[in-house]
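Undergrad: Have a peek at data.pdb (PDB, C-alpha atoms).
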```pdb
ATOM      1  CA  MET A  60       0.000   0.000   0.000
ATOM      2  CA  ASP A  61       3.019   2.305  -0.323
ATOM      3  CA  PHE A  62       1.601   3.871  -3.468
ATOM      4  CA  PHE A  63      -0.841   5.847  -1.300
ATOM      5  CA  VAL A  64       1.859   7.922   0.384
ATOM      6  CA  SER A  65       4.342  10.431  -0.947
ATOM      7  CA  LYS A  66       7.538   8.874  -2.275
ATOM      8  CA  GLU A  67      10.601   9.942  -4.151
ATOM      9  CA  SER A  68       9.576   7.637  -6.999
ATOM     10  CA  LEU A  69       6.995   4.997  -7.841
ATOM     11  CA  THR A  70       7.318   1.755  -9.748
ATOM     12  CA  SER A  71       5.195   1.062 -12.810
ATOM     13  CA  ILE A  72       2.952  -1.257 -10.794
ATOM     14  CA  GLU A  73       2.439   1.441  -8.151
ATOM     15  CA  TRP A  74       1.480   3.949 -10.858
ATOM     16  CA  ILE A  75      -1.053   1.453 -12.241
ATOM     17  CA  LEU A  76      -2.497   0.820  -8.770
ATOM     18  CA  ARG A  77      -2.804   4.564  -8.188
ATOM     19  CA  ALA A  78      -4.676   4.963 -11.474
ATOM     20  CA  ILE A  79      -7.108   2.141 -10.709
ATOM     21  CA  VAL A  80      -7.794   3.366  -7.160
ATOM     22  CA  SER A  81      -8.278   6.964  -8.389
ATOM     23  CA  PHE A  82     -10.627   5.825 -11.145
ATOM     24  CA  VAL A  83     -12.860   3.817  -8.805
ATOM     25  CA  PHE A  84     -12.750   6.562  -6.164
ATOM     26  CA  LEU A  85     -13.818   9.236  -8.646
ATOM     27  CA  LEU A  86     -16.647   7.014  -9.901
ATOM     28  CA  LEU A  87     -18.027   6.776  -6.374
ATOM     29  CA  VAL A  88     -17.474  10.438  -5.461
ATOM     30  CA  THR A  89     -18.959  11.812  -8.677
ATOM     31  CA  LYS A  90     -21.975   9.558  -8.280
ATOM     32  CA  LEU A  91     -22.530  10.996  -4.813
ATOM     33  CA  MET A  92     -22.244  14.537  -6.229
ATOM     34  CA  GLY A  93     -25.241  13.898  -8.487
ATOM     35  CA  GLN A  94     -25.964  14.499 -12.149
ATOM     36  CA  ARG A  95     -26.229  18.285 -11.778
ATOM     37  CA  SER A  96     -22.488  18.502 -11.094
ATOM     38  CA  ILE A  97     -21.724  17.088 -14.541
ATOM     39  CA  SER A  98     -24.350  18.946 -16.540
ATOM     40  CA  HIS A  99     -24.132  18.127 -20.267
ATOM     41  CA  LEU A 100     -21.470  15.467 -19.592
ATOM     42  CA  ARG A 101     -21.944  11.778 -18.962
ATOM     43  CA  LEU A 102     -20.584  10.425 -15.699
ATOM     44  CA  LEU A 103     -17.708   8.540 -17.299
ATOM     45  CA  ASP A 104     -16.792  11.394 -19.661
ATOM     46  CA  PHE A 105     -16.669  13.884 -16.806
ATOM     47  CA  ILE A 106     -14.326  11.691 -14.773
ATOM     48  CA  ILE A 107     -11.947  11.146 -17.661
ATOM     49  CA  ALA A 108     -11.880  14.825 -18.639
ATOM     50  CA  LEU A 109     -11.246  15.924 -15.063
ATOM     51  CA  THR A 110      -8.616  13.295 -14.329
ATOM     52  CA  LEU A 111      -6.618  13.521 -17.528
ATOM     53  CA  GLY A 112      -6.472  17.308 -17.286
ATOM     54  CA  ASN A 113      -4.858  17.114 -13.868
ATOM     55  CA  ILE A 114      -2.536  14.258 -14.797
ATOM     56  CA  ILE A 115      -1.091  16.098 -17.762
ATOM     57  CA  ALA A 116      -0.921  19.488 -16.016
ATOM     58  CA  HIS A 117       1.111  18.456 -12.965
ATOM     59  CA  PRO A 118       4.240  17.104 -14.698
ATOM     60  CA  LEU A 119       4.271  20.184 -16.919
ATOM     61  CA  SER A 120       4.261  22.553 -13.946
ATOM     62  CA  ASP A 121       6.406  20.686 -11.405
ATOM     63  CA  GLU A 122       9.952  19.734 -12.350
ATOM     64  CA  ARG A 123      10.056  17.199  -9.540
ATOM     65  CA  LEU A 124       7.460  15.042 -11.280
ATOM     66  CA  GLY A 125       8.492  12.815 -14.147
ATOM     67  CA  LEU A 126       6.435  12.380 -17.300
ATOM     68  CA  LYS A 127       6.707   8.583 -17.224
ATOM     69  CA  GLY A 128       4.209   8.202 -14.412
ATOM     70  CA  SER A 129       1.670  10.512 -16.047
ATOM     71  CA  MET A 130       1.958   8.677 -19.337
ATOM     72  CA  ILE A 131       1.416   5.305 -17.661
ATOM     73  CA  THR A 132      -1.527   6.648 -15.690
ATOM     74  CA  THR A 133      -3.092   8.205 -18.776
ATOM     75  CA  ILE A 134      -2.826   4.964 -20.739
ATOM     76  CA  VAL A 135      -4.330   2.987 -17.870
ATOM     77  CA  LEU A 136      -7.237   5.438 -17.541
ATOM     78  CA  ILE A 137      -7.950   5.321 -21.249
ATOM     79  CA  VAL A 138      -7.978   1.507 -21.140
ATOM     80  CA  LEU A 139     -10.308   1.648 -18.140
ATOM     81  CA  TYR A 140     -12.535   4.147 -19.950
ATOM     82  CA  VAL A 141     -12.822   1.966 -23.052
ATOM     83  CA  THR A 142     -13.406  -1.097 -20.883
ATOM     84  CA  ALA A 143     -16.100   0.644 -18.824
ATOM     85  CA  THR A 144     -17.821   1.809 -22.015
ATOM     86  CA  TRP A 145     -17.725  -1.735 -23.421
ATOM     87  CA  LEU A 146     -19.014  -3.229 -20.162
ATOM     88  CA  SER A 147     -21.897  -0.737 -20.125
ATOM     89  CA  LEU A 148     -23.014  -2.216 -23.450
ATOM     90  CA  LYS A 149     -22.761  -5.783 -22.144
ATOM     91  CA  TRP A 150     -23.945  -5.443 -18.551
ATOM     92  CA  PRO A 151     -27.297  -3.648 -18.107
ATOM     93  CA  PHE A 152     -26.748  -3.032 -14.383
ATOM     94  CA  PHE A 153     -23.411  -1.302 -15.091
ATOM     95  CA  LYS A 154     -25.035   0.824 -17.789
ATOM     96  CA  ARG A 155     -27.749   1.862 -15.332
ATOM     97  CA  TYR A 156     -25.051   2.977 -12.908
ATOM     98  CA  LEU A 157     -23.201   5.071 -15.483
ATOM     99  CA  ASP A 158     -26.336   6.299 -17.287
ATOM    100  CA  PRO A 159     -29.271   6.139 -14.863
ATOM    101  CA  SER A 160     -32.854   6.300 -16.057
ATOM    102  CA  PRO A 161     -34.430   9.756 -16.562
ATOM    103  CA  ILE A 162     -36.189  11.183 -13.523
ATOM    104  CA  THR A 163     -39.697  12.624 -13.930
ATOM    105  CA  LEU A 164     -39.842  16.157 -12.506
ATOM    106  CA  VAL A 165     -43.203  17.359 -13.831
ATOM    107  CA  LYS A 166     -46.144  15.224 -14.904
ATOM    108  CA  ASN A 167     -49.453  16.628 -16.171
ATOM    109  CA  GLY A 168     -48.612  20.041 -14.755
ATOM    110  CA  LEU A 169     -47.769  18.721 -11.282
ATOM    111  CA  ILE A 170     -44.275  18.904  -9.779
ATOM    112  CA  GLN A 171     -42.971  15.563  -8.522
ATOM    113  CA  PHE A 172     -41.372  16.911  -5.352
ATOM    114  CA  GLN A 173     -39.966  13.562  -4.238
ATOM    115  CA  ASN A 174     -38.074  13.310  -7.518
ATOM    116  CA  LEU A 175     -36.575  16.792  -7.116
ATOM    117  CA  SER A 176     -34.681  15.493  -4.098
ATOM    118  CA  LYS A 177     -33.697  12.381  -5.996
ATOM    119  CA  ALA A 178     -32.257  14.509  -8.816
ATOM    120  CA  ARG A 179     -30.687  16.890  -6.250
ATOM    121  CA  ILE A 180     -32.126  20.015  -7.817
ATOM    122  CA  SER A 181     -34.174  22.818  -6.297
ATOM    123  CA  ILE A 182     -37.528  24.240  -7.315
ATOM    124  CA  ASP A 183     -35.823  27.483  -8.336
ATOM    125  CA  PHE A 184     -33.489  25.567 -10.645
ATOM    126  CA  LEU A 185     -36.437  23.698 -12.170
ATOM    127  CA  PHE A 186     -38.274  26.928 -12.932
ATOM    128  CA  SER A 187     -35.090  28.444 -14.315
ATOM    129  CA  GLU A 188     -34.720  25.563 -16.765
ATOM    130  CA  LEU A 189     -38.384  25.804 -17.734
ATOM    131  CA  ARG A 190     -37.964  29.513 -18.467
ATOM    132  CA  LYS A 191     -35.127  28.620 -20.836
ATOM    133  CA  GLU A 192     -37.659  26.487 -22.715
ATOM    134  CA  LYS A 193     -40.049  29.493 -22.878
ATOM    135  CA  VAL A 194     -42.500  27.873 -20.450
ATOM    136  CA  GLU A 195     -44.417  30.574 -18.574
ATOM    137  CA  ASP A 196     -46.934  28.281 -16.851
ATOM    138  CA  ILE A 197     -45.879  24.933 -15.409
ATOM    139  CA  GLN A 198     -49.446  23.655 -15.665
ATOM    140  CA  LYS A 199     -49.016  23.608 -19.449
ATOM    141  CA  VAL A 200     -46.216  21.047 -19.121
ATOM    142  CA  SER A 201     -47.295  17.498 -19.867
ATOM    143  CA  LEU A 202     -43.918  15.978 -18.978
ATOM    144  CA  ALA A 203     -40.501  17.210 -17.859
ATOM    145  CA  VAL A 204     -37.706  14.754 -17.141
ATOM    146  CA  TRP A 205     -34.175  15.081 -15.748
ATOM    147  CA  GLU A 206     -31.845  13.418 -18.240
ATOM    148  CA  PRO A 207     -28.642  11.527 -17.301
ATOM    149  CA  GLY A 208     -26.592  14.224 -19.046
ATOM    150  CA  GLY A 209     -27.810  16.883 -16.603
ATOM    151  CA  THR A 210     -30.447  18.529 -18.814
ATOM    152  CA  ILE A 211     -34.228  18.793 -18.586
ATOM    153  CA  SER A 212     -36.416  17.630 -21.483
ATOM    154  CA  VAL A 213     -39.751  19.441 -21.584
ATOM    155  CA  PHE A 214     -42.896  18.304 -23.427
ATOM    156  CA  MET A 215     -45.859  20.655 -23.548
ATOM    157  CA  ASP A 216     -49.467  19.518 -23.352
ATOM    158  CA  THR A 217     -50.864  18.948 -26.841
ATOM    159  CA  GLN A 218     -53.292  21.864 -26.591
ATOM    160  CA  TYR A 219     -50.378  24.245 -26.013
ATOM    161  CA  GLN A 220     -48.137  22.931 -28.755
ATOM    162  CA  PRO A 221     -47.735  25.172 -31.827
ATOM    163  CA  LEU A 222     -49.672  24.363 -34.964
ATOM    164  CA  THR A 223     -47.705  22.744 -37.751
ATOM    165  CA  PRO A 224     -48.412  22.454 -41.475
ATOM    166  CA  ALA A 225     -48.997  18.733 -40.923
ATOM    167  CA  VAL A 226     -51.771  19.478 -38.409
ATOM    168  CA  MET A 227     -53.311  22.050 -40.751
ATOM    169  CA  LYS A 228     -52.835  19.668 -43.700
ATOM    170  CA  LEU A 229     -50.953  22.313 -45.657
ATOM    171  CA  ALA A 230     -48.562  21.606 -48.504
ATOM    172  CA  THR A 231     -44.927  22.433 -47.754
ATOM    173  CA  GLN A 232     -41.701  22.824 -49.676
ATOM    174  CA  PRO A 233     -39.070  20.068 -49.445
ATOM    175  CA  PHE A 234     -36.489  20.504 -46.694
ATOM    176  CA  THR A 235     -33.258  22.146 -47.799
ATOM    177  CA  ILE A 236     -30.160  23.203 -45.934
ATOM    178  CA  SER A 237     -27.613  25.849 -46.857
ATOM    179  CA  ARG A 238     -23.924  25.052 -46.689
ATOM    180  CA  PRO A 239     -20.969  27.372 -47.282
ATOM    181  CA  ILE A 240     -19.294  26.663 -50.587
ATOM    182  CA  ILE A 241     -17.061  29.761 -50.675
ATOM    183  CA  VAL A 242     -15.524  31.304 -47.565
ATOM    184  CA  ASP A 243     -13.152  34.255 -47.892
ATOM    185  CA  GLY A 244     -12.583  33.469 -51.553
ATOM    186  CA  LYS A 245     -11.764  29.789 -50.950
ATOM    187  CA  ILE A 246     -13.931  27.130 -52.594
ATOM    188  CA  ASP A 247     -15.002  23.942 -50.838
ATOM    189  CA  MET A 248     -14.098  21.573 -53.666
ATOM    190  CA  ASN A 249     -15.449  18.530 -51.759
ATOM    191  CA  LEU A 250     -18.889  20.133 -51.504
ATOM    192  CA  LEU A 251     -18.781  21.194 -55.148
ATOM    193  CA  GLN A 252     -18.016  17.609 -56.130
ATOM    194  CA  GLU A 253     -20.713  16.282 -53.809
ATOM    195  CA  ILE A 254     -23.452  18.274 -55.544
ATOM    196  CA  GLY A 255     -22.141  17.149 -58.930
ATOM    197  CA  LYS A 256     -21.063  20.552 -60.201
ATOM    198  CA  ASP A 257     -17.820  22.007 -61.498
ATOM    199  CA  LEU A 258     -15.924  25.273 -61.164
ATOM    200  CA  ASP A 259     -17.453  26.751 -64.307
ATOM    201  CA  TRP A 260     -20.951  26.264 -62.912
ATOM    202  CA  LEU A 261     -19.996  28.071 -59.712
ATOM    203  CA  LYS A 262     -18.433  30.960 -61.623
ATOM    204  CA  ILE A 263     -21.639  31.404 -63.622
ATOM    205  CA  LYS A 264     -23.689  31.442 -60.419
ATOM    206  CA  ILE A 265     -21.649  34.200 -58.788
ATOM    207  CA  ALA A 266     -20.963  36.187 -61.966
ATOM    208  CA  PRO A 267     -23.841  38.688 -61.498
ATOM    209  CA  ILE A 268     -22.375  39.674 -58.122
ATOM    210  CA  HIS A 269     -18.620  39.093 -58.410
ATOM    211  CA  LYS A 270     -16.465  38.436 -61.432
ATOM    212  CA  ASN A 271     -13.713  36.985 -59.269
ATOM    213  CA  ILE A 272     -14.298  34.183 -56.783
ATOM    214  CA  HIS A 273     -11.507  35.538 -54.568
ATOM    215  CA  ASP A 274     -13.673  38.641 -53.911
ATOM    216  CA  VAL A 275     -16.508  36.584 -52.426
ATOM    217  CA  ILE A 276     -16.713  36.797 -48.632
ATOM    218  CA  LEU A 277     -19.308  34.036 -48.363
ATOM    219  CA  ALA A 278     -21.431  31.992 -50.733
ATOM    220  CA  THR A 279     -23.801  29.210 -49.741
ATOM    221  CA  VAL A 280     -25.526  26.514 -51.757
ATOM    222  CA  THR A 281     -28.641  24.471 -51.048
ATOM    223  CA  GLU A 282     -29.567  20.960 -52.104
ATOM    224  CA  ASN A 283     -31.692  22.362 -54.934
ATOM    225  CA  GLU A 284     -28.576  24.154 -56.234
ATOM    226  CA  ASN A 285     -29.590  27.697 -55.284
ATOM    227  CA  VAL A 286     -26.536  29.832 -54.582
ATOM    228  CA  THR A 287     -26.610  32.813 -52.227
ATOM    229  CA  VAL A 288     -23.718  35.256 -52.495
ATOM    230  CA  TYR A 289     -22.833  37.569 -49.607
ATOM    231  CA  SER A 290     -20.811  40.523 -50.855
ATOM    232  CA  VAL A 291     -20.391  42.606 -47.692
ATOM    233  CA  PRO A 292     -21.576  42.137 -44.081
ATOM    234  CA  LYS A 293     -25.334  42.563 -43.632
ATOM    235  CA  GLU A 294     -25.834  42.711 -47.374
ATOM    236  CA  LYS A 295     -26.651  39.775 -49.579
ATOM    237  CA  SER A 296     -27.719  39.136 -53.138
ATOM    238  CA  TYR A 297     -29.498  36.143 -54.537
ATOM    239  CA  ASN A 298     -28.824  34.293 -57.719
TER     240      ASN A 298
END
```
Represent the structure of the file as C-alpha cells.

TA:
Amino acid sequence: MDFFVSKESLTSIEWILRAIVSFVFLLLVTKLMGQRSISHLRLLDFIIALTLGNIIAHPLSDERLGLKGSMITTIVLIVLYVTATWLSLKWPFFKRYLDPSPITLVKNGLIQFQNLSKARISIDFLFSELRKEKVEDIQKVSLAVWEPGGTISVFMDTQYQPLTPAVMKLATQPFTISRPIIVDGKIDMNLLQEIGKDLDWLKIKIAPIHKNIHDVILATVTENENVTVYSVPKEKSYN
C-alpha cells in the first residue's frame, strides 16, 4: 500500500495501482455529487476529462514530477474508460449505474417533489430551466424529465403545442439546408463535387455579383442548387 503515500519515486505497478484506485474513487465520489455537477457530460466522460487534465498538467508545472508516471496513468485510464464503455453495453446493471434512467420532474402540470430530491435540484433551478424552454406556466407542461446528461427535457401539453403544417394539412416545400461553398474566396471543392457541379458552374452562379471568386466573402448553396452570395456584411444578393 506504499503507493498511497508520498515517495521519491513509484514503480510502474504502483502507478497502475494509483490509477485504478483513483478511477474507482472518482466514480463513487462523482456519483454521490449527483448528475447536476456534470451537466451536459456523462458520468464517465466527466471523470476522464477531469482526471486527464490534472494528470497532464502536474508534470508540466512541477519539475520534480516525471512524465513517465503521467503517461502510464493516462494509458491505464484510457484503457479503463474503453473497458467501462464496453461493459456498459454488455452489462445492463453497469449501464444503469453510469447512465441512470431519466427522472420525472413534472407530470401533467404537477411537480414531482420527491423526484426533485432524488435529482438533487431545487424548485428554483427547475423553474429556471423551464424559463429557458419558454414555459411561462408549469401547468401547461405534460412531462418534464431530468436526463442523465444533466439537462431537462420538456414536453408541452398537446393543446399548447404550436400548430404545424402537418396538423393544418398544408402543402410544404421540401427541406433544404444551406452550406458554405465559398468562404473568404476559398472554394469547398469537396462540396462542389458532392453536388455534382464544377468550377465553371460556380463561376456562372456568382458572376452577377462578383467576377472573381476571390472577392466573395461568403457563398452558400442548397440541395436544390440555389446559390446565395454575400458581398459585404449585412448585405446579400441572390442568384

Undergrad: Using all atoms listed in the file, which of the listed residues (A:Asn271, A:Thr132, A:Ser160, A:Thr70) sits closest to Val204 of chain A?

TA: A:Ser160

Undergrad: Quick one: of A:Leu102, A:Ser176, A:Thr279, A:Ile114, who's nearest to Ser81 of chain A, counting all atoms listed in the file?

TA: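 Looking at the shortest contact to Ser81 of chain A, the residue is A:Ile114.
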
Undergrad: Residue by residue, what does the PyMOL selection byres ((chain A and resi 166) around 10) grab here? Present the result as a list in words.

TA: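 Here the PyMOL selection byres ((chain A and resi 166) around 10) matches Thr163, Leu164, Val165, Asn167, Gly168, Leu169, Ile170, Gln171, Ile197, Gln198, Lys199, Val200, Ser201, Leu202, Ala203, Val204 and Phe214 of chain A.
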
Undergrad: How would the residues just chosen look if you wrote them out with C-alpha atoms as a short mmCIF file (atom, residue, chain, number, x, y, z; two decimals), keeping the file's coordinate frame?

TA:
```cif
data_model
loop_
_atom_site.label_atom_id
_atom_site.label_comp_id
_atom_site.auth_asym_id
_atom_site.auth_seq_id
_atom_site.Cartn_x
_atom_site.Cartn_y
_atom_site.Cartn_z
CA THR A 163 -39.70 12.62 -13.93
CA LEU A 164 -39.84 16.16 -12.51
CA VAL A 165 -43.20 17.36 -13.83
CA ASN A 167 -49.45 16.63 -16.17
CA GLY A 168 -48.61 20.04 -14.76
CA LEU A 169 -47.77 18.72 -11.28
CA ILE A 170 -44.28 18.90 -9.78
CA GLN A 171 -42.97 15.56 -8.52
CA ILE A 197 -45.88 24.93 -15.41
CA GLN A 198 -49.45 23.66 -15.66
CA LYS A 199 -49.02 23.61 -19.45
CA VAL A 200 -46.22 21.05 -19.12
CA SER A 201 -47.30 17.50 -19.87
CA LEU A 202 -43.92 15.98 -18.98
CA ALA A 203 -40.50 17.21 -17.86
CA VAL A 204 -37.71 14.75 -17.14
CA PHE A 214 -42.90 18.30 -23.43
#
```

Undergrad: Which residue is closest to Thr142 of chain A? Choose from A:Leu103, A:Ser237, A:Gly255, A:Tyr156 and count all atoms listed in the file.

TA: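 Result for the nearest residue to Thr142 of chain A: A:Leu103.
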
Undergrad: Considering all atoms listed in the file, state which residue in the set A:Ser147, A:Ser71, A:Thr210, A:Ser187 is at the smallest distance from Ile134 of chain A.

TA: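 Checking each candidate against Ile134 of chain A, we get A:Ser71 as the closest.
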